[in-house]
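Okay, target-v7.txt now, which holds compact mmCIF, C-alpha atoms and all ligand atoms:
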# COMPACT_ATOMS: atom_id res chain seq x y z
CA MET A 1 -53.35 -41.17 -8.13
CA ALA A 2 -50.57 -38.69 -8.69
CA LEU A 3 -47.05 -38.23 -7.40
CA ILE A 4 -46.73 -34.76 -5.96
CA VAL A 5 -43.66 -32.98 -4.59
CA GLN A 6 -44.54 -30.19 -2.14
CA LYS A 7 -41.99 -27.70 -0.86
CA TYR A 8 -42.65 -25.58 2.23
CA GLY A 9 -40.49 -22.52 2.96
CA GLY A 10 -39.18 -21.21 6.26
CA THR A 11 -42.20 -19.13 7.28
CA SER A 12 -44.50 -22.02 6.43
CA VAL A 13 -42.73 -24.20 9.02
CA GLY A 14 -42.06 -21.23 11.32
CA SER A 15 -43.62 -22.68 14.49
CA VAL A 16 -44.95 -25.93 15.91
CA GLU A 17 -48.48 -24.91 14.91
CA ARG A 18 -47.37 -24.17 11.36
CA ILE A 19 -45.55 -27.50 11.10
CA GLN A 20 -48.75 -29.21 12.25
CA ASN A 21 -50.65 -27.20 9.69
CA VAL A 22 -48.30 -28.45 6.95
CA ALA A 23 -48.84 -32.01 8.21
CA ARG A 24 -52.61 -31.57 7.91
CA ARG A 25 -52.31 -30.32 4.35
CA VAL A 26 -50.05 -33.24 3.41
CA ALA A 27 -52.57 -35.59 5.07
CA LYS A 28 -55.32 -34.27 2.79
CA PHE A 29 -53.34 -35.08 -0.34
CA LYS A 30 -52.52 -38.49 1.07
CA ALA A 31 -56.19 -39.13 1.84
CA ARG A 32 -57.00 -38.48 -1.82
CA GLY A 33 -54.70 -41.34 -2.71
CA HIS A 34 -51.69 -39.35 -3.90
CA GLN A 35 -48.07 -40.17 -3.20
CA VAL A 36 -46.42 -37.20 -1.53
CA VAL A 37 -42.79 -36.15 -1.15
CA VAL A 38 -42.36 -33.09 1.05
CA VAL A 39 -39.30 -30.84 0.96
CA VAL A 40 -38.88 -28.41 3.85
CA SER A 41 -36.70 -25.42 4.64
CA ALA A 42 -35.27 -24.55 8.01
CA ILE A 43 -37.59 -22.71 10.39
CA SER A 44 -37.57 -19.03 9.31
CA GLY A 45 -34.65 -17.10 10.74
CA GLU A 46 -32.68 -20.24 11.57
CA THR A 47 -30.30 -20.14 8.59
CA ASN A 48 -29.53 -16.47 9.31
CA ARG A 49 -29.02 -17.24 12.99
CA LEU A 50 -26.53 -20.00 12.20
CA ILE A 51 -24.59 -17.85 9.72
CA ALA A 52 -24.37 -15.03 12.30
CA LEU A 53 -23.11 -17.50 14.88
CA ALA A 54 -20.39 -18.70 12.52
CA LYS A 55 -19.35 -15.12 11.80
CA GLU A 56 -18.89 -14.46 15.51
CA ILE A 57 -16.13 -17.04 15.41
CA GLN A 58 -14.67 -16.59 11.92
CA SER A 59 -15.35 -13.35 10.03
CA HIS A 60 -15.18 -15.35 6.79
CA PRO A 61 -16.41 -18.77 7.90
CA ASN A 62 -14.74 -21.79 6.39
CA PRO A 63 -17.17 -22.82 3.61
CA ARG A 64 -17.08 -26.55 4.34
CA GLU A 65 -17.80 -26.04 8.03
CA LEU A 66 -20.43 -23.40 7.26
CA ASP A 67 -22.33 -25.96 5.19
CA VAL A 68 -22.10 -28.54 7.99
CA LEU A 69 -23.54 -25.91 10.30
CA VAL A 70 -26.37 -24.46 8.21
CA ALA A 71 -27.54 -27.87 7.00
CA THR A 72 -28.66 -28.56 10.58
CA GLY A 73 -31.53 -26.09 10.11
CA GLU A 74 -33.28 -28.29 7.56
CA GLN A 75 -32.35 -31.46 9.44
CA ALA A 76 -34.39 -30.21 12.40
CA SER A 77 -37.43 -29.35 10.25
CA ILE A 78 -37.67 -32.73 8.52
CA ALA A 79 -37.70 -34.63 11.81
CA LEU A 80 -40.33 -32.32 13.29
CA LEU A 81 -42.58 -32.62 10.23
CA ALA A 82 -42.21 -36.42 10.15
CA MET A 83 -43.28 -36.50 13.81
CA ALA A 84 -46.26 -34.23 13.12
CA LEU A 85 -47.34 -36.55 10.30
CA MET A 86 -47.01 -39.63 12.51
CA ASP A 87 -49.08 -37.84 15.10
CA LEU A 88 -51.89 -37.72 12.52
CA GLY A 89 -51.51 -41.46 11.97
CA ILE A 90 -49.60 -41.10 8.70
CA ARG A 91 -46.53 -43.15 7.91
CA ALA A 92 -43.63 -40.82 7.33
CA LYS A 93 -39.88 -40.97 7.02
CA SER A 94 -37.37 -38.14 6.92
CA TYR A 95 -34.17 -37.96 4.89
CA THR A 96 -31.29 -35.49 4.91
CA GLY A 97 -29.79 -34.66 1.53
CA ALA A 98 -26.90 -37.04 2.18
CA GLN A 99 -29.27 -39.86 3.19
CA VAL A 100 -31.22 -39.58 -0.07
CA ARG A 101 -27.97 -39.06 -1.82
CA ILE A 102 -28.62 -35.80 -3.52
CA VAL A 103 -25.18 -35.70 -5.09
CA THR A 104 -23.73 -32.25 -5.79
CA ASP A 105 -20.43 -30.80 -6.92
CA ASN A 106 -18.09 -29.62 -4.18
CA ALA A 107 -18.70 -25.86 -4.44
CA PHE A 108 -19.53 -25.32 -0.77
CA THR A 109 -22.32 -22.79 -0.07
CA LYS A 110 -23.35 -22.74 -3.76
CA ALA A 111 -23.23 -26.36 -4.87
CA ARG A 112 -25.05 -27.66 -7.92
CA ILE A 113 -27.04 -30.89 -7.96
CA LEU A 114 -25.49 -33.52 -10.23
CA ARG A 115 -27.83 -36.45 -9.64
CA ILE A 116 -30.31 -37.89 -7.17
CA ASP A 117 -30.49 -41.54 -6.09
CA GLU A 118 -34.23 -41.89 -5.87
CA GLU A 119 -34.62 -45.65 -5.20
CA ASN A 120 -35.11 -45.35 -1.42
CA ILE A 121 -37.72 -42.65 -1.84
CA ARG A 122 -39.60 -44.71 -4.39
CA ALA A 123 -39.56 -47.79 -2.15
CA ASP A 124 -40.93 -45.74 0.76
CA LEU A 125 -43.64 -44.19 -1.39
CA ASP A 126 -44.66 -47.59 -2.70
CA ALA A 127 -44.85 -48.82 0.89
CA GLY A 128 -47.32 -46.02 1.63
CA SER A 129 -45.08 -43.53 3.44
CA VAL A 130 -44.85 -39.81 3.01
CA VAL A 131 -41.20 -38.98 2.39
CA VAL A 132 -39.86 -35.79 3.98
CA VAL A 133 -36.62 -34.48 2.48
CA ALA A 134 -34.36 -31.71 3.76
CA GLY A 135 -34.18 -28.85 1.28
CA PHE A 136 -31.07 -26.81 0.45
CA GLN A 137 -28.52 -29.56 1.03
CA GLY A 138 -26.68 -32.40 -0.64
CA VAL A 139 -23.48 -34.34 -0.45
CA ASP A 140 -20.46 -34.33 -2.75
CA GLU A 141 -18.79 -37.43 -4.18
CA LYS A 142 -16.47 -37.57 -1.18
CA GLY A 143 -19.27 -37.47 1.38
CA ASN A 144 -18.92 -33.81 2.39
CA ILE A 145 -22.16 -32.00 3.23
CA THR A 146 -22.89 -29.20 0.76
CA THR A 147 -25.60 -26.53 0.44
CA LEU A 148 -27.21 -25.07 -2.66
CA GLY A 149 -27.16 -21.31 -2.02
CA ARG A 150 -29.78 -19.16 -0.28
CA GLY A 151 -33.30 -20.14 -1.22
CA GLY A 152 -31.99 -23.52 -2.35
CA SER A 153 -34.87 -25.58 -0.99
CA ASP A 154 -36.88 -24.58 -4.07
CA THR A 155 -34.21 -26.26 -6.17
CA THR A 156 -34.31 -29.42 -4.07
CA GLY A 157 -38.07 -29.56 -4.62
CA VAL A 158 -37.92 -29.14 -8.36
CA ALA A 159 -34.90 -31.44 -8.78
CA LEU A 160 -36.69 -34.18 -6.82
CA ALA A 161 -39.82 -33.68 -8.91
CA ALA A 162 -37.68 -34.06 -12.05
CA ALA A 163 -35.86 -37.16 -10.77
CA LEU A 164 -39.10 -38.83 -9.64
CA LYS A 165 -40.99 -37.67 -12.76
CA ALA A 166 -43.60 -36.22 -10.44
CA ASP A 167 -46.92 -35.04 -11.82
CA GLU A 168 -46.55 -31.64 -10.15
CA CYS A 169 -44.16 -29.66 -7.97
CA GLN A 170 -45.97 -27.30 -5.60
CA ILE A 171 -43.99 -24.53 -3.93
CA TYR A 172 -45.88 -23.41 -0.80
CA THR A 173 -44.81 -20.06 0.57
CA ASP A 174 -46.02 -16.98 2.46
CA VAL A 175 -47.62 -15.34 -0.60
CA ASP A 176 -50.33 -16.96 -2.72
CA GLY A 177 -48.42 -16.94 -5.98
CA VAL A 178 -46.07 -14.97 -8.19
CA TYR A 179 -47.04 -11.30 -8.32
CA THR A 180 -46.41 -8.53 -10.82
CA THR A 181 -43.78 -7.37 -8.32
CA ASP A 182 -42.92 -8.02 -4.68
CA PRO A 183 -46.23 -7.36 -2.86
CA ARG A 184 -44.26 -6.21 0.18
CA ILE A 185 -43.01 -3.21 -1.79
CA VAL A 186 -46.10 -2.54 -3.89
CA PRO A 187 -49.32 -3.50 -2.07
CA GLU A 188 -51.28 -3.02 -5.31
CA ALA A 189 -49.29 -5.80 -7.00
CA ARG A 190 -51.45 -8.43 -8.68
CA ARG A 191 -51.13 -12.20 -8.58
CA LEU A 192 -50.43 -13.74 -11.97
CA LYS A 193 -52.47 -16.83 -12.84
CA THR A 194 -49.69 -17.95 -15.12
CA ILE A 195 -46.22 -16.78 -15.99
CA THR A 196 -44.09 -18.25 -18.73
CA PHE A 197 -41.04 -20.21 -17.75
CA GLU A 198 -38.87 -17.75 -19.65
CA GLU A 199 -40.29 -14.76 -17.77
CA MET A 200 -39.97 -16.55 -14.43
CA LEU A 201 -36.35 -17.26 -15.24
CA GLU A 202 -35.72 -13.55 -15.86
CA MET A 203 -37.68 -12.48 -12.77
CA ALA A 204 -35.72 -14.91 -10.57
CA SER A 205 -32.36 -13.97 -12.03
CA LEU A 206 -33.16 -10.26 -11.70
CA GLY A 207 -33.91 -10.51 -7.99
CA SER A 208 -37.43 -11.88 -7.33
CA LYS A 209 -36.66 -14.31 -4.59
CA VAL A 210 -40.03 -16.07 -4.67
CA LEU A 211 -38.25 -18.88 -6.58
CA GLN A 212 -34.54 -19.62 -6.64
CA ILE A 213 -33.22 -19.28 -10.18
CA ARG A 214 -31.79 -22.78 -10.31
CA ALA A 215 -35.20 -24.19 -9.43
CA VAL A 216 -36.64 -22.44 -12.47
CA GLU A 217 -33.77 -23.68 -14.65
CA PHE A 218 -34.44 -27.26 -13.54
CA ALA A 219 -38.15 -26.89 -14.21
CA GLY A 220 -37.39 -25.66 -17.71
CA LYS A 221 -34.87 -28.34 -18.50
CA TYR A 222 -37.00 -31.25 -17.30
CA LYS A 223 -40.41 -29.72 -18.06
CA VAL A 224 -41.54 -29.98 -14.45
CA LYS A 225 -45.07 -28.72 -13.84
CA LEU A 226 -44.39 -26.00 -11.28
CA ARG A 227 -46.90 -24.04 -9.21
CA VAL A 228 -46.42 -21.42 -6.48
CA LEU A 229 -49.11 -21.42 -3.76
CA SER A 230 -49.87 -20.09 -0.29
CA SER A 231 -49.28 -22.40 2.65
CA PHE A 232 -51.64 -20.33 4.76
CA GLU A 233 -54.72 -20.36 2.58
CA GLU A 234 -56.88 -23.42 2.18
CA ARG A 235 -57.82 -22.76 -1.41
CA GLY A 236 -56.38 -20.91 -4.35
CA GLU A 237 -54.83 -21.94 -7.61
CA GLY A 238 -51.60 -19.96 -7.09
CA THR A 239 -49.44 -19.28 -10.13
CA LEU A 240 -48.63 -21.89 -12.73
CA ILE A 241 -45.32 -21.62 -14.57
CA THR A 242 -46.15 -22.37 -18.20
CA PHE A 243 -44.18 -23.07 -21.31
CA GLU A 244 -44.89 -20.55 -24.00
CA GLU A 245 -46.26 -23.07 -26.45
CA ASP A 246 -48.97 -23.93 -23.88
CA ILE A 247 -50.45 -20.48 -24.07
CA ASN A 248 -52.87 -19.43 -26.74
CA MET A 249 -54.07 -16.18 -25.29
CA GLU A 250 -52.48 -12.85 -25.95
CA ASN A 251 -49.59 -12.28 -23.57
CA PRO A 252 -49.44 -9.04 -21.64
CA ILE A 253 -46.61 -6.81 -22.83
CA ILE A 254 -45.06 -6.57 -19.38
CA SER A 255 -45.64 -9.33 -16.82
CA GLY A 256 -43.66 -8.02 -13.92
CA ILE A 257 -41.03 -5.85 -12.33
CA ALA A 258 -38.04 -7.36 -10.58
CA PHE A 259 -35.45 -5.58 -8.51
CA ASN A 260 -32.24 -6.25 -6.70
CA ARG A 261 -30.83 -3.95 -4.08
CA ASP A 262 -27.60 -5.87 -3.58
CA GLU A 263 -25.71 -4.36 -6.50
CA ALA A 264 -22.50 -2.36 -6.38
CA LYS A 265 -20.94 -0.50 -9.30
CA ILE A 266 -17.27 -0.22 -10.14
CA THR A 267 -15.73 2.08 -12.76
CA VAL A 268 -12.26 1.77 -14.19
CA LEU A 269 -11.39 5.11 -15.78
CA GLY A 270 -8.89 5.99 -18.45
CA VAL A 271 -7.74 2.56 -19.57
CA PRO A 272 -5.92 2.18 -22.90
CA ASP A 273 -8.48 1.58 -25.69
CA ARG A 274 -6.99 -1.58 -27.17
CA PRO A 275 -7.94 -5.25 -27.65
CA GLY A 276 -7.76 -7.36 -24.50
CA ILE A 277 -8.43 -4.65 -21.97
CA ALA A 278 -11.93 -5.88 -20.99
CA HIS A 279 -10.50 -9.34 -20.60
CA GLN A 280 -7.69 -8.08 -18.41
CA ILE A 281 -10.06 -6.24 -16.08
CA LEU A 282 -12.59 -9.05 -15.79
CA GLU A 283 -9.92 -11.69 -15.39
CA THR A 284 -8.81 -9.92 -12.21
CA VAL A 285 -12.36 -10.27 -10.89
CA ALA A 286 -12.96 -13.82 -12.13
CA ALA A 287 -9.74 -15.00 -10.49
CA ALA A 288 -11.45 -14.36 -7.15
CA ASN A 289 -14.48 -16.42 -8.24
CA ILE A 290 -16.70 -13.33 -8.27
CA ASP A 291 -19.59 -13.02 -10.71
CA VAL A 292 -19.94 -9.87 -12.74
CA ASP A 293 -23.43 -8.76 -13.72
CA MET A 294 -23.87 -5.77 -16.03
CA ILE A 295 -20.93 -4.49 -18.09
CA ILE A 296 -20.55 -1.27 -20.08
CA GLN A 297 -17.56 0.03 -21.99
CA ASN A 298 -17.68 3.62 -23.19
CA VAL A 299 -16.73 4.75 -26.65
CA GLY A 300 -13.01 5.52 -26.61
CA ALA A 301 -11.59 9.02 -26.98
CA ASP A 302 -7.94 9.98 -27.32
CA GLY A 303 -6.89 6.34 -27.10
CA ALA A 304 -8.50 5.82 -23.68
CA THR A 305 -11.84 4.50 -22.48
CA ASP A 306 -13.87 3.88 -19.28
CA PHE A 307 -15.22 0.52 -18.20
CA THR A 308 -18.07 0.06 -15.71
CA PHE A 309 -19.56 -3.13 -14.27
CA THR A 310 -21.66 -4.31 -11.34
CA VAL A 311 -21.05 -7.05 -8.77
CA HIS A 312 -22.88 -8.29 -5.68
CA ARG A 313 -22.50 -5.77 -2.87
CA ASN A 314 -20.79 -8.38 -0.68
CA ASP A 315 -17.98 -8.59 -3.23
CA TYR A 316 -17.52 -4.83 -3.63
CA ALA A 317 -14.61 -4.27 -1.23
CA ASN A 318 -12.77 -7.32 -2.50
CA VAL A 319 -13.11 -6.35 -6.17
CA LEU A 320 -12.01 -2.78 -5.48
CA LYS A 321 -8.95 -4.00 -3.61
CA ARG A 322 -7.94 -6.42 -6.36
CA LEU A 323 -8.39 -3.89 -9.12
CA LYS A 324 -6.37 -1.28 -7.25
CA GLN A 325 -3.59 -3.83 -6.89
CA ALA A 326 -3.73 -4.45 -10.64
CA GLN A 327 -4.19 -0.77 -11.56
CA GLY A 328 -0.61 -0.32 -12.77
CA LYS A 329 -0.72 -3.44 -14.91
CA ILE A 330 -4.07 -2.52 -16.46
CA GLY A 331 -2.86 1.03 -17.00
CA ALA A 332 -5.97 2.68 -15.53
CA ARG A 333 -5.97 6.35 -14.53
CA GLU A 334 -8.50 5.90 -11.73
CA ILE A 335 -10.72 3.25 -10.15
CA ASN A 336 -13.83 4.21 -8.23
CA GLY A 337 -17.21 2.80 -7.35
CA ASP A 338 -20.55 3.10 -5.64
CA GLU A 339 -21.69 0.54 -3.12
CA ARG A 340 -25.26 1.73 -2.96
CA THR A 341 -26.76 1.04 -6.35
CA ALA A 342 -29.77 -1.09 -7.23
CA LYS A 343 -31.16 -2.68 -10.36
CA VAL A 344 -34.77 -2.46 -11.54
CA SER A 345 -36.01 -4.53 -14.47
CA VAL A 346 -39.23 -4.80 -16.44
CA VAL A 347 -39.89 -8.28 -17.80
CA GLY A 348 -42.36 -9.58 -20.37
CA VAL A 349 -42.44 -11.85 -23.41
CA GLY A 350 -44.85 -9.39 -25.04
CA MET A 351 -41.96 -6.93 -25.34
CA ARG A 352 -40.73 -8.86 -28.35
CA SER A 353 -43.53 -7.54 -30.49
CA HIS A 354 -43.93 -4.07 -28.95
CA ALA A 355 -41.68 -1.08 -29.41
CA GLY A 356 -41.60 1.78 -26.99
CA ILE A 357 -41.23 -0.11 -23.71
CA ALA A 358 -37.81 1.38 -23.09
CA SER A 359 -39.00 4.90 -23.79
CA THR A 360 -41.95 4.51 -21.37
CA MET A 361 -39.58 3.17 -18.75
CA PHE A 362 -37.01 5.95 -19.14
CA ARG A 363 -39.66 8.68 -19.31
CA THR A 364 -41.31 7.40 -16.13
CA LEU A 365 -38.04 7.38 -14.22
CA ALA A 366 -37.08 10.82 -15.55
CA GLY A 367 -40.45 12.13 -14.39
CA GLU A 368 -39.42 11.34 -10.82
CA GLY A 369 -35.93 12.77 -11.29
CA ILE A 370 -34.34 9.33 -11.06
CA ASN A 371 -31.04 9.19 -12.90
CA ILE A 372 -30.24 6.04 -14.89
CA GLN A 373 -26.62 4.99 -14.42
CA MET A 374 -26.52 1.88 -16.60
CA ILE A 375 -28.89 0.13 -19.01
CA SER A 376 -28.99 -3.43 -20.24
CA THR A 377 -31.58 -5.15 -22.42
CA SER A 378 -32.47 -8.57 -23.73
CA GLU A 379 -35.38 -9.75 -25.84
CA ILE A 380 -37.78 -9.88 -22.89
CA LYS A 381 -36.34 -7.49 -20.30
CA ILE A 382 -34.92 -4.02 -19.75
CA SER A 383 -32.81 -3.39 -16.67
CA VAL A 384 -31.48 -0.13 -15.29
CA VAL A 385 -29.04 0.57 -12.49
CA ILE A 386 -30.03 3.49 -10.25
CA ASP A 387 -29.13 4.96 -6.89
CA GLU A 388 -30.41 2.58 -4.21
CA LYS A 389 -32.29 5.30 -2.40
CA TYR A 390 -34.77 5.60 -5.28
CA LEU A 391 -35.38 1.88 -5.65
CA GLU A 392 -38.81 1.61 -4.04
CA LEU A 393 -40.06 4.75 -5.74
CA ALA A 394 -38.85 3.46 -9.10
CA VAL A 395 -40.60 0.11 -8.66
CA ARG A 396 -43.86 1.81 -7.65
CA VAL A 397 -43.99 4.31 -10.50
CA LEU A 398 -43.04 1.71 -13.12
CA HIS A 399 -45.68 -0.68 -11.77
CA LYS A 400 -48.24 2.07 -12.32
CA ALA A 401 -46.87 3.21 -15.67
CA PHE A 402 -47.19 -0.29 -17.10
CA ASP A 403 -50.74 -0.73 -15.72
CA LEU A 404 -49.89 -3.69 -13.58
CA GLU A 405 -52.18 -2.92 -10.62
CA GLN A 406 -55.11 -4.99 -9.56
CA ALA A 407 -58.33 -4.03 -11.20
CA GLY A 408 -60.75 -2.15 -8.94
P1 LIG B 501 -39.88 -19.15 1.40
O1 LIG B 501 -39.29 -19.02 2.74
O2 LIG B 501 -41.26 -19.77 1.40
O3 LIG B 501 -38.96 -19.81 0.42
P2 LIG B 501 -39.17 -16.55 0.32
O4 LIG B 501 -39.10 -15.47 1.34
O5 LIG B 501 -37.91 -17.16 -0.15
O6 LIG B 501 -40.17 -17.66 0.90
O7 LIG B 501 -39.99 -16.06 -0.96
C1 LIG B 501 -41.27 -15.50 -0.81
C2 LIG B 501 -41.16 -13.97 -0.81
O8 LIG B 501 -40.73 -13.53 -2.10
C3 LIG B 501 -42.46 -13.24 -0.60
O9 LIG B 501 -42.76 -13.09 0.77
C4 LIG B 501 -42.22 -11.90 -1.31
O10 LIG B 501 -41.89 -10.86 -0.40
C5 LIG B 501 -41.00 -12.15 -2.17
N1 LIG B 501 -41.22 -11.78 -3.59
C6 LIG B 501 -40.34 -11.07 -4.34
N2 LIG B 501 -40.82 -10.89 -5.56
C7 LIG B 501 -42.03 -11.50 -5.62
C8 LIG B 501 -43.01 -11.65 -6.65
N3 LIG B 501 -42.84 -11.14 -7.86
N4 LIG B 501 -44.12 -12.36 -6.35
C9 LIG B 501 -44.30 -12.88 -5.12
N5 LIG B 501 -43.41 -12.76 -4.12
C10 LIG B 501 -42.28 -12.08 -4.35
N1 LIG B 502 -32.92 -22.28 4.65
C1 LIG B 502 -32.25 -21.86 3.44
C2 LIG B 502 -32.22 -20.35 3.33
O1 LIG B 502 -32.68 -19.66 4.23
C3 LIG B 502 -32.84 -22.49 2.20
C4 LIG B 502 -34.25 -22.09 1.86
O2 LIG B 502 -34.97 -21.56 2.73
O3 LIG B 502 -34.67 -22.31 0.73
O4 LIG B 502 -31.69 -19.82 2.40
MG MG B 503 -37.30 -19.08 -0.65
Written as structure tokens, how would this file's structure read?
Amino acid sequence: MALIVQKYGGTSVGSVERIQNVARRVAKFKARGHQVVVVVSAISGETNRLIALAKEIQSHPNPRELDVLVATGEQASIALLAMALMDLGIRAKSYTGAQVRIVTDNAFTKARILRIDEENIRADLDAGSVVVVAGFQGVDEKGNITTLGRGGSDTTGVALAAALKADECQIYTDVDGVYTTDPRIVPEARRLKTITFEEMLEMASLGSKVLQIRAVEFAGKYKVKLRVLSSFEERGEGTLITFEEDINMENPIISGIAFNRDEAKITVLGVPDRPGIAHQILETVAAANIDVDMIIQNVGADGATDFTFTVHRNDYANVLKRLKQAQGKIGAREINGDERTAKVSVVGVGMRSHAGIASTMFRTLAGEGINIQMISTSEIKISVVIDEKYLELAVRVLHKAFDLEQAG
């Protein structure tokens, strides 16, 4: 007998039939004698619908109220799934995040899980029930409803698996595993049987939304056995996230290509080339609680330098406004930007021991006439910022250049 946490995403609970399908799958695991905790997302499209509704009333919805609103999506799914399970003769009980007491900090719309009170869940499991928990939501110390950021149900699943010391956390979604790149962009993409935790962390942070980054962080920290699987297919081993020491075989040089089209680039030109200037610029951005991604400072000439960085596209207008307000103080000659940039990254632990990855990447992009605007590297990834209109082309040609297609 094992304790298994299963998470089902929005498409997987997208209709009554699909919810019943999930119930049948859970029933199978139960019939084999396993204890099962199920985490569900809102029905696909529901979270977006609720956010749009809020924006019709407030262009920048109040974050506390927005969380109260969007948390209803998952609250509906858990009740429906519990009913579907009961309909199959299975004991089931649903819990919202606040009912479990998934305690988070109070950063509305992007809260972090601090701890989980798991006693009630354990008691229900021991009494033979399937426990159905709302993904994406928690409660702060003061009892306010919070949510964990888009895609946050993955994190609920993994955090519950960690708290319950589950034998496995299974993420069921609309693809049958983690692919070399998003199969919606590159149909030739190949499913990976395994991917290292470190690579998955990079892929998630660089834009592959198949797993929320915090879910991967949790899995790494608590060594949760994590697998991504299809909710539509009966069989299939999916993709197992491994820890590097588990693997004996030779790693491929490149495991995958991640991309993010939500980037915007801002350049501050002609700032005095002296200590503290980077701090002064970034402080202006950080004061608005905005995350900066890639940063480049040019070599100075004639006592002046240029400074370029990227932010999420949603923050572009705000950052530009703030910097223009501070332009005099910073002493910049000009501030400009580009809202339509995108980031493409190649990821692989094998890169550590192989030179020449960057040159293959840059040559391939040059071959298509794609200009590289910014470059950033780490031990296991190389990222470039390019014009958004070349994003799909770039992903496709790099996927081919690194031989990532399916065989045959
Ligand atoms: P869910 O609603 O189940 O959480 P998501 O839409 O959040 O599902 O994540 C699954 C989607 O992630 C897939 O449909 C796919 O388009 C996208 N995706 C992006 N990169 C990858 C990748 N490398 N491998 C698999 N899927 C990916
Ligand atoms: N329903 C939430 C979202 O759409 C959480 C999730 O699906 O993981 O972002
Ligand atoms: Mg998701």
What are the centre and the three edge lengths of an axis-aligned box that wraps all atoms of ligand LIG 502 (chain B) in the file, given that 8 Å is added to every side, written as JSON and rounded to one decimal in Å?
{"center_x": -33.3, "center_y": -21.1, "center_z": 2.7, "size_x": 19.3, "size_y": 18.8, "size_z": 19.9}
Got a sec to check which residues lie within 9 Å of ligand MG 503 (chain B), using only C-alpha atoms and all ligand atoms, and send them as an MDAnalysis selection string? chainID A and resid 8:10 41 150:154 173 209:212
Could you give me, as a list of chain:residue names, the residues within 9 Å of Leu114 in chain A, counting all atoms listed in the file and dropping anything in the same chain fewer than 4 positions from it? A:Ile102, A:Val103, A:Thr104, A:Asp105
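When all atoms listed in the file are used to compute distances to Tyr179 in chain A, the closest of the residues A:Ala127, A:Leu404, A:Ala23, A:Val37 turns out to be A:Leu404.
Minimum atom-to-atom distance to ligand LIG 501 (chain B), evaluated using only C-alpha atoms and all ligand atoms, belongs to A:Val40 out of A:Val40, A:Ala342, A:Met351, A:Leu164.
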How many Å lie between CA of Ile296 in chain A and CA of Asp182 in chain A, rounded to one decimal? 28.0 Å
Nearby polymer residues, ligand LIG 501 (chain B), at most 10 Å, only C-alpha atoms and all ligand atoms, as a ChimeraX atom specification: /A:7-14,40-45,150-154,171-186,189-192,200,203-204,206-212,228-231,239,255-260
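Compared by their closest atoms to ligand LIG 502 (chain B), and using only C-alpha atoms and all ligand atoms, the residues A:Ile116, A:Ile90, A:Thr147, A:Lys30 rank with A:Thr147 nearest.
The two atoms in question, CA of Val131 in chain A and CA of Val36 in chain A, are spaced 6.8 Å apart.
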Gap from CA of Glu168 in chain A to CA of Ile4 in chain A - Å, one decimal: 5.2 Å
Show which residues sit within 10 Å of range 303-317 of chain A, as number ranges by chain. Count all atoms listed in the file, and ignore same-chain residues fewer than 5 positions away. A: 260-274, 277-278, 281-282, 285, 288-298, 322, 331-343, 373-374, 385
So that I can see what lies close to His354 in chain A, please list as a JSON list (two decimals) with C-alpha atoms, keeping the file's coordinate frame the residues with an atom at most 10 Å from it, counting only C-alpha atoms and leaving out residues fewer than 3 positions away in the same chain.
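Once everything was written out, this is out02.json:
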[["chain", "number", "residue", "atom", "x", "y", "z"],
["A", 253, "ILE", "CA", -46.61, -6.81, -22.83],
["A", 254, "ILE", "CA", -45.06, -6.57, -19.38],
["A", 349, "VAL", "CA", -42.44, -11.85, -23.41],
["A", 350, "GLY", "CA", -44.85, -9.39, -25.04],
["A", 351, "MET", "CA", -41.96, -6.93, -25.34],
["A", 357, "ILE", "CA", -41.23, -0.11, -23.71]]
Counting only C-alpha atoms, what is within 9 Å of Arg101 in chain A, bar same-chain residues fewer than 6 positions away, as an mmCIF file with C-alpha atoms, in the frame of the given file?
data_model
loop_
_atom_site.group_PDB
_atom_site.id
_atom_site.type_symbol
_atom_site.label_atom_id
_atom_site.label_comp_id
_atom_site.auth_asym_id
_atom_site.auth_seq_id
_atom_site.Cartn_x
_atom_site.Cartn_y
_atom_site.Cartn_z
ATOM 1 C CA ARG A 115 -27.830 -36.450 -9.640
ATOM 2 C CA ILE A 116 -30.310 -37.890 -7.170
ATOM 3 C CA ASP A 117 -30.490 -41.540 -6.090
ATOM 4 C CA GLU A 118 -34.230 -41.890 -5.870
ATOM 5 C CA GLY A 138 -26.680 -32.400 -0.640
ATOM 6 C CA VAL A 139 -23.480 -34.340 -0.450
ATOM 7 C CA ASP A 140 -20.460 -34.330 -2.750
#
Missing atoms in range 144-148 of chain A should be modelled up to N, CA and C atoms and reported as a CSV table (one decimal), keeping the file's coordinate frame.
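File out-v5.csv, as written:
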chain,number,residue,atom,x,y,z
A,144,ASN,N,-18.8,-35.1,1.7
A,144,ASN,CA,-18.9,-33.8,2.4
A,144,ASN,C,-20.3,-33.2,2.2
A,145,ILE,N,-20.9,-32.7,3.3
A,145,ILE,CA,-22.2,-32.0,3.2
A,145,ILE,C,-22.0,-30.7,2.5
A,146,THR,N,-22.9,-30.4,1.5
A,146,THR,CA,-22.9,-29.2,0.8
A,146,THR,C,-24.3,-28.5,0.9
A,147,THR,N,-24.3,-27.2,0.6
A,147,THR,CA,-25.6,-26.5,0.4
A,147,THR,C,-25.7,-25.8,-0.9
A,148,LEU,N,-26.9,-25.5,-1.3
A,148,LEU,CA,-27.2,-25.1,-2.7
A,148,LEU,C,-27.4,-23.6,-2.9
